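K.L.:
A single structure is presented below for examination.
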Amino acid sequence: MSTPKPEKCVIRDMDRHGNIRWYYRRKGCPKVRLRQPYGSKEFYEELSYARLGLDFETGKPLIELRNKPEKGALKGTFRWLVEQYLQRAVKNLAPATRTQKRRVLDAVCMETCLSRTGQPLADMPFTGLQKQHIAILRDQKAQTPEAANHRLKALSTMFNWAVEVGLADKNPVERVKKFRTKSNGIHTLTEQEIDTYLQKHPGGTKAYLAMQIFRYTGLRISDVARLGKQHLYTTKTEDGPQLRFKIRPQKTSKLQAQPVEVDMPVLPPLAEALARIDHDHLTFLVTHTGKSYSVKGLGNRMRSWFDTAGLPHCSAHGIRKAGAVIAAENGATANQLMSMFGWTKLDQAELYTKKAQRKALGDKGSKHLAGKS
């Protein structure tokens with residue numbers, strides 16, 4: 001049998017027991033272990049995967065697998081700081097928030113823009129980071145300014161915590177400017193857009209029920225996905241029995257010593273939509289197989305319903321924002337909005353009340369443009 005020809009970037013290594021190991025290593029990239037017998041058909045197939053940057057077992061990009069923090073990161077490295085922060089500072093945050101922070105910081109760990117040899121930031125000392133280095137990390141996302149700014153925010157929050165607990169002497173993100181953007185965040189639905197949606201999805205449809213729940217509860221999608229009969233109750237009032245719903249928002253309840261609760265009447269349009277439900281499932285919204293939606297599944301379903309209505313720029317969270325705008329313009333106070341939408345910070349509610357007040361003052365003041373009659 002002829003000896004297989006040497007392959008470019010394939011290196012041979014021997015451990016202390018005399019076992020031969022093969023690796024694929026391209027300049028500037030971490031080496032990849034080749035486990036199949038050298039020279040076999042499976043070996044060359046595994047090698048082809050390595051050249052494409054894919055894991056032979058799963059077919060997933062190697063960079064995605066390496067994004068996951070390795071156990072026992074060397075103390076003092078950037079990865080070690082990220083691990084400390086995620087383990088100690090954000091453990092009480094909502095799962096979605098923790099996942100988002102980890103995703104952003106893991107991506108920063110994999111950046112090689114600060115090294116001439118392609119060494120990832122994860123393996124470099126975090127104490128050496130300066131303002132100019134943070135600016136370079138920011139600029140890696142220059143094509144998506146919102147993502148760049150979000151990266152700065154995540155880094156600044158982590159370093160502020162590190163300074164507070166004595167792991168760092170300074171926050172290198174300070175005085176690094178964010179990119180200017182024209183985005184106002186997630187689009188807030190207008191009443192006309194809500195009407196357009198309801199015209200396409202009339203009463204009796206699942207899409208209609210979803211809109212009425214979002215519109216008249218003001219809940220986040222994570223809470224709408226689990227809202228059901230168990231959250232309803234009836235109370236006596238001067239005007240007779242009143243149907244209400246009570247739910248603890250998942251995002252904020254775990255952060256408070258006394259969990260936040262949203263407790264509001266079931267308004268007539270929502271009561272009418274709930275009365276049409278023809279299943280006995282625990283949640284109001286169910287899939288075609290009769291199961292509760294996952295948060296991601298409900299988000300995708302709403303995306304489909306909006307697209308069908310010709311509203312590709314709208315989203316479920318935009319309905320929640322629309323409710324806050326409508327309530328504020330109809331005179332709801334900041335404290336009332338906090339109670340209705342389960343917010344824990346007054347400034348969140350004041351964003352809507354101040355905007356509504358500004359609009360009202362503009363309407364009242366516009367008559368003065370005409371001068372004296």
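Following the order of the structure tokens, first chain is A, next is B, and so on, with residues numbered from 1 inside each chain and ligands from 1 in the order they appear.
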Which neighbours of segment 284-298 of chain A fall inside 8 Å, counting only C-alpha atoms, when residues of the same chain fewer than 4 positions from it are skipped, and could you give them as a list in words?
P.N.:
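With the cut-off at 8 Å, the set is Lys206, Leu209, Ala210, Ile221, Ser222, Ala225, Arg226, Leu227, Gly228, Lys229, Leu274, Ile277 and Met302 of chain A.
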K.L.:
Based on the backbone DSSP call, show me all residues of segment 78-224 of chain A assigned helix (DSSP H, G or I), as a ChimeraX atom specification.
P.N.:
/A:78-88,95-109,121-123,126-128,131-139,145-164,191-200,206-217,221-224
K.L.:
Please produce an output containing C-alpha atoms for each residue in the selection, written as a PDB file, in the first residue's frame.
P.N.:
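The new file part-v7.pdb reads:
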ATOM      1  CA  PHE A  78     -11.045  38.466  28.920  1.00  0.00           C
ATOM      2  CA  ARG A  79     -12.954  35.161  28.822  1.00  0.00           C
ATOM      3  CA  TRP A  80     -12.411  34.768  32.571  1.00  0.00           C
ATOM      4  CA  LEU A  81     -13.862  38.231  33.196  1.00  0.00           C
ATOM      5  CA  VAL A  82     -16.884  37.433  31.022  1.00  0.00           C
ATOM      6  CA  GLU A  83     -17.457  34.197  32.936  1.00  0.00           C
ATOM      7  CA  GLN A  84     -17.212  35.979  36.271  1.00  0.00           C
ATOM      8  CA  TYR A  85     -19.676  38.623  35.130  1.00  0.00           C
ATOM      9  CA  LEU A  86     -22.208  36.151  33.739  1.00  0.00           C
ATOM     10  CA  GLN A  87     -22.017  33.923  36.810  1.00  0.00           C
ATOM     11  CA  ARG A  88     -22.095  36.615  39.460  1.00  0.00           C
ATOM     12  CA  PRO A  95     -33.380  34.124  30.849  1.00  0.00           C
ATOM     13  CA  ALA A  96     -33.804  36.029  27.572  1.00  0.00           C
ATOM     14  CA  THR A  97     -31.718  38.928  28.913  1.00  0.00           C
ATOM     15  CA  ARG A  98     -28.973  36.597  30.129  1.00  0.00           C
ATOM     16  CA  THR A  99     -28.896  34.833  26.772  1.00  0.00           C
ATOM     17  CA  GLN A 100     -28.655  38.137  24.923  1.00  0.00           C
ATOM     18  CA  LYS A 101     -25.765  39.377  27.100  1.00  0.00           C
ATOM     19  CA  ARG A 102     -23.897  36.078  26.705  1.00  0.00           C
ATOM     20  CA  ARG A 103     -24.356  36.148  22.933  1.00  0.00           C
ATOM     21  CA  VAL A 104     -22.929  39.661  22.640  1.00  0.00           C
ATOM     22  CA  LEU A 105     -19.975  39.031  24.965  1.00  0.00           C
ATOM     23  CA  ASP A 106     -19.185  35.645  23.400  1.00  0.00           C
ATOM     24  CA  ALA A 107     -18.971  37.342  20.011  1.00  0.00           C
ATOM     25  CA  VAL A 108     -16.529  39.894  21.451  1.00  0.00           C
ATOM     26  CA  CYS A 109     -14.450  37.033  22.875  1.00  0.00           C
ATOM     27  CA  LEU A 121      -9.591  38.420  22.643  1.00  0.00           C
ATOM     28  CA  ALA A 122     -10.870  35.647  24.924  1.00  0.00           C
ATOM     29  CA  ASP A 123      -7.267  34.548  25.590  1.00  0.00           C
ATOM     30  CA  PHE A 126      -8.528  42.222  29.940  1.00  0.00           C
ATOM     31  CA  THR A 127      -6.436  44.684  31.975  1.00  0.00           C
ATOM     32  CA  GLY A 128      -4.603  45.753  28.827  1.00  0.00           C
ATOM     33  CA  LYS A 131     -10.032  53.248  24.833  1.00  0.00           C
ATOM     34  CA  GLN A 132      -8.543  52.757  21.359  1.00  0.00           C
ATOM     35  CA  HIS A 133      -8.996  48.985  21.599  1.00  0.00           C
ATOM     36  CA  ILE A 134     -12.675  49.359  22.485  1.00  0.00           C
ATOM     37  CA  ALA A 135     -13.099  51.671  19.491  1.00  0.00           C
ATOM     38  CA  ILE A 136     -11.665  48.954  17.231  1.00  0.00           C
ATOM     39  CA  LEU A 137     -14.087  46.406  18.696  1.00  0.00           C
ATOM     40  CA  ARG A 138     -16.926  48.863  18.093  1.00  0.00           C
ATOM     41  CA  ASP A 139     -15.886  49.427  14.490  1.00  0.00           C
ATOM     42  CA  PRO A 145     -24.617  50.787  14.079  1.00  0.00           C
ATOM     43  CA  GLU A 146     -27.295  49.531  16.461  1.00  0.00           C
ATOM     44  CA  ALA A 147     -25.356  46.311  17.003  1.00  0.00           C
ATOM     45  CA  ALA A 148     -22.154  48.313  17.522  1.00  0.00           C
ATOM     46  CA  ASN A 149     -23.822  50.477  20.155  1.00  0.00           C
ATOM     47  CA  HIS A 150     -25.304  47.420  21.830  1.00  0.00           C
ATOM     48  CA  ARG A 151     -21.800  45.928  22.006  1.00  0.00           C
ATOM     49  CA  LEU A 152     -20.503  49.092  23.699  1.00  0.00           C
ATOM     50  CA  LYS A 153     -23.354  49.021  26.190  1.00  0.00           C
ATOM     51  CA  ALA A 154     -22.710  45.380  27.106  1.00  0.00           C
ATOM     52  CA  LEU A 155     -18.973  45.986  27.539  1.00  0.00           C
ATOM     53  CA  SER A 156     -19.483  49.135  29.586  1.00  0.00           C
ATOM     54  CA  THR A 157     -21.954  47.429  31.910  1.00  0.00           C
ATOM     55  CA  MET A 158     -19.541  44.532  32.460  1.00  0.00           C
ATOM     56  CA  PHE A 159     -16.546  46.779  33.175  1.00  0.00           C
ATOM     57  CA  ASN A 160     -18.560  49.006  35.520  1.00  0.00           C
ATOM     58  CA  TRP A 161     -19.400  45.859  37.492  1.00  0.00           C
ATOM     59  CA  ALA A 162     -15.747  44.762  37.401  1.00  0.00           C
ATOM     60  CA  VAL A 163     -14.645  48.118  38.835  1.00  0.00           C
ATOM     61  CA  GLU A 164     -17.342  47.931  41.512  1.00  0.00           C
ATOM     62  CA  GLU A 191     -54.268  52.596  15.042  1.00  0.00           C
ATOM     63  CA  GLN A 192     -54.594  52.481  11.256  1.00  0.00           C
ATOM     64  CA  GLU A 193     -52.134  49.580  11.073  1.00  0.00           C
ATOM     65  CA  ILE A 194     -54.058  47.722  13.772  1.00  0.00           C
ATOM     66  CA  ASP A 195     -57.252  48.235  11.737  1.00  0.00           C
ATOM     67  CA  THR A 196     -55.475  46.952   8.611  1.00  0.00           C
ATOM     68  CA  TYR A 197     -54.419  43.825  10.493  1.00  0.00           C
ATOM     69  CA  LEU A 198     -57.941  43.196  11.805  1.00  0.00           C
ATOM     70  CA  GLN A 199     -59.456  43.651   8.357  1.00  0.00           C
ATOM     71  CA  LYS A 200     -57.210  40.900   7.052  1.00  0.00           C
ATOM     72  CA  LYS A 206     -56.532  32.829  15.778  1.00  0.00           C
ATOM     73  CA  ALA A 207     -54.734  35.885  14.396  1.00  0.00           C
ATOM     74  CA  TYR A 208     -57.620  38.100  15.536  1.00  0.00           C
ATOM     75  CA  LEU A 209     -57.545  36.570  19.039  1.00  0.00           C
ATOM     76  CA  ALA A 210     -53.805  37.164  19.274  1.00  0.00           C
ATOM     77  CA  MET A 211     -54.154  40.841  18.336  1.00  0.00           C
ATOM     78  CA  GLN A 212     -56.899  41.417  20.892  1.00  0.00           C
ATOM     79  CA  ILE A 213     -54.853  39.781  23.648  1.00  0.00           C
ATOM     80  CA  PHE A 214     -51.773  41.862  22.851  1.00  0.00           C
ATOM     81  CA  ARG A 215     -53.812  45.040  22.357  1.00  0.00           C
ATOM     82  CA  TYR A 216     -55.948  44.881  25.501  1.00  0.00           C
ATOM     83  CA  THR A 217     -53.518  43.356  27.995  1.00  0.00           C
ATOM     84  CA  ILE A 221     -44.934  38.048  24.116  1.00  0.00           C
ATOM     85  CA  SER A 222     -43.352  35.838  26.814  1.00  0.00           C
ATOM     86  CA  ASP A 223     -46.466  36.360  28.961  1.00  0.00           C
ATOM     87  CA  VAL A 224     -49.039  36.211  26.156  1.00  0.00           C
TER      88      VAL A 224
END
K.L.:
Separation of atom CA of Glu350 of chain A and atom CA of Ala324 of chain A, in Å?
P.N.:
10.5 Å
K.L.:
Give me, as JSON, numbers by chain, the residues of segment 5-176 of chain A that a backbone DSSP run labels strand (DSSP E or B).
P.N.:
{"A": [10, 11, 12, 13, 14, 20, 21, 22, 23, 24, 32, 33, 34, 54, 61, 77, 125]}
K.L.:
Filtering to N, CA and C atoms, could you give me those residues as an mmCIF file, in the first residue's frame?
P.N.:
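Done, and the output landed in out-v6.cif:
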data_model
loop_
_atom_site.group_PDB
_atom_site.id
_atom_site.type_symbol
_atom_site.label_atom_id
_atom_site.label_comp_id
_atom_site.auth_asym_id
_atom_site.auth_seq_id
_atom_site.Cartn_x
_atom_site.Cartn_y
_atom_site.Cartn_z
ATOM 1 N N VAL A 10 -1.732 20.071 7.195
ATOM 2 C CA VAL A 10 -1.938 18.944 8.105
ATOM 3 C C VAL A 10 -0.620 18.678 8.835
ATOM 4 N N ILE A 11 -0.672 18.705 10.160
ATOM 5 C CA ILE A 11 0.546 18.517 10.949
ATOM 6 C C ILE A 11 0.431 17.273 11.817
ATOM 7 N N ARG A 12 1.581 16.662 12.079
ATOM 8 C CA ARG A 12 1.665 15.439 12.873
ATOM 9 C C ARG A 12 2.204 15.769 14.257
ATOM 10 N N ASP A 13 1.597 15.175 15.268
ATOM 11 C CA ASP A 13 2.010 15.438 16.639
ATOM 12 C C ASP A 13 2.031 14.118 17.398
ATOM 13 N N MET A 14 2.887 14.009 18.399
ATOM 14 C CA MET A 14 2.967 12.795 19.199
ATOM 15 C C MET A 14 2.887 13.164 20.675
ATOM 16 N N ILE A 20 0.314 8.961 17.989
ATOM 17 C CA ILE A 20 0.380 9.968 16.923
ATOM 18 C C ILE A 20 -0.991 10.617 16.734
ATOM 19 N N ARG A 21 -0.977 11.922 16.652
ATOM 20 C CA ARG A 21 -2.214 12.682 16.426
ATOM 21 C C ARG A 21 -2.012 13.583 15.214
ATOM 22 N N TRP A 22 -3.123 13.828 14.519
ATOM 23 C CA TRP A 22 -3.086 14.672 13.323
ATOM 24 C C TRP A 22 -3.989 15.876 13.525
ATOM 25 N N TYR A 23 -3.510 17.010 13.021
ATOM 26 C CA TYR A 23 -4.261 18.247 13.154
ATOM 27 C C TYR A 23 -4.260 18.992 11.819
ATOM 28 N N TYR A 24 -5.342 19.736 11.606
ATOM 29 C CA TYR A 24 -5.363 20.678 10.475
ATOM 30 C C TYR A 24 -5.169 22.062 11.076
ATOM 31 N N VAL A 32 -7.339 22.166 14.327
ATOM 32 C CA VAL A 32 -8.495 21.286 14.442
ATOM 33 C C VAL A 32 -7.998 19.841 14.506
ATOM 34 N N ARG A 33 -8.413 19.115 15.510
ATOM 35 C CA ARG A 33 -7.998 17.712 15.650
ATOM 36 C C ARG A 33 -8.689 16.861 14.591
ATOM 37 N N LEU A 34 -7.920 16.013 13.908
ATOM 38 C CA LEU A 34 -8.430 15.069 12.918
ATOM 39 C C LEU A 34 -8.393 13.681 13.540
ATOM 40 N N LEU A 54 -15.987 23.624 9.334
ATOM 41 C CA LEU A 54 -17.143 22.930 9.890
ATOM 42 C C LEU A 54 -16.711 21.793 10.800
ATOM 43 N N PRO A 61 -20.699 25.287 12.081
ATOM 44 C CA PRO A 61 -19.463 26.081 11.982
ATOM 45 C C PRO A 61 -18.642 25.979 13.264
ATOM 46 N N THR A 77 -7.813 36.571 31.975
ATOM 47 C CA THR A 77 -8.129 36.724 30.556
ATOM 48 C C THR A 77 -9.497 37.366 30.392
ATOM 49 N N PRO A 125 -5.246 39.291 28.141
ATOM 50 C CA PRO A 125 -5.535 39.938 29.436
ATOM 51 C C PRO A 125 -6.500 41.110 29.259
#
K.L.:
Report the distance between atom CA of Ala316 of chain A and atom CA of Ser304 of chain A in Å, rounded to one decimal place.
P.N.:
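Interatomic distance here is 11.0 Å.
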K.L.:
Taking only C-alpha atoms into account, name the residue in A:Gln143, A:Thr252, A:Asn19, A:Thr205 that is nearest to Leu93 of chain A.
P.N.:
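Closest candidate: A:Thr252.
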K.L.:
Which one is closest to Thr117 of chain A: A:Gln242, A:Lys27, A:His279, A:Val176? Count only C-alpha atoms.
P.N.:
A:Lys27
K.L.:
Between A:Ala73, A:Leu114, A:Val173, A:Met338, single out the one closest to Val260 of chain A, counting only C-alpha atoms.
P.N.:
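Nearest to Val260 of chain A: A:Met338.
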K.L.:
Quick check, in Å to one decimal: how far apart do atom CA of Leu47 of chain A and atom CA of Met124 of chain A lie?
P.N.:
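These two atoms are separated by 29.0 Å.
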K.L.:
Skip Pro241 of chain A itself and residues of its chain fewer than 6 positions away, then list as a list in words all residues within 12 Å of it, counting only C-alpha atoms.
P.N.:
Tyr233, Thr234, Thr235, Pro265 and Val266 of chain A
K.L.:
Any chance you could export the current selection's C-alpha atoms as a PDB file, in the first residue's frame?
P.N.:
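Done, and the output landed in again19.pdb:
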ATOM      1  CA  TYR A 233     -60.912  35.706  38.044  1.00  0.00           C
ATOM      2  CA  THR A 234     -64.151  37.550  38.830  1.00  0.00           C
ATOM      3  CA  THR A 235     -64.612  40.233  41.448  1.00  0.00           C
ATOM      4  CA  PRO A 265     -60.044  44.239  33.926  1.00  0.00           C
ATOM      5  CA  VAL A 266     -60.736  42.177  30.829  1.00  0.00           C
TER       6      VAL A 266
END
K.L.:
Pick from A:Ala275, A:Arg26, A:Gly323, A:Asp263: nearest to Gly118 of chain A, with only C-alpha atoms counted?
P.N.:
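That would be A:Arg26, the residue with the smallest distance to Gly118 of chain A.
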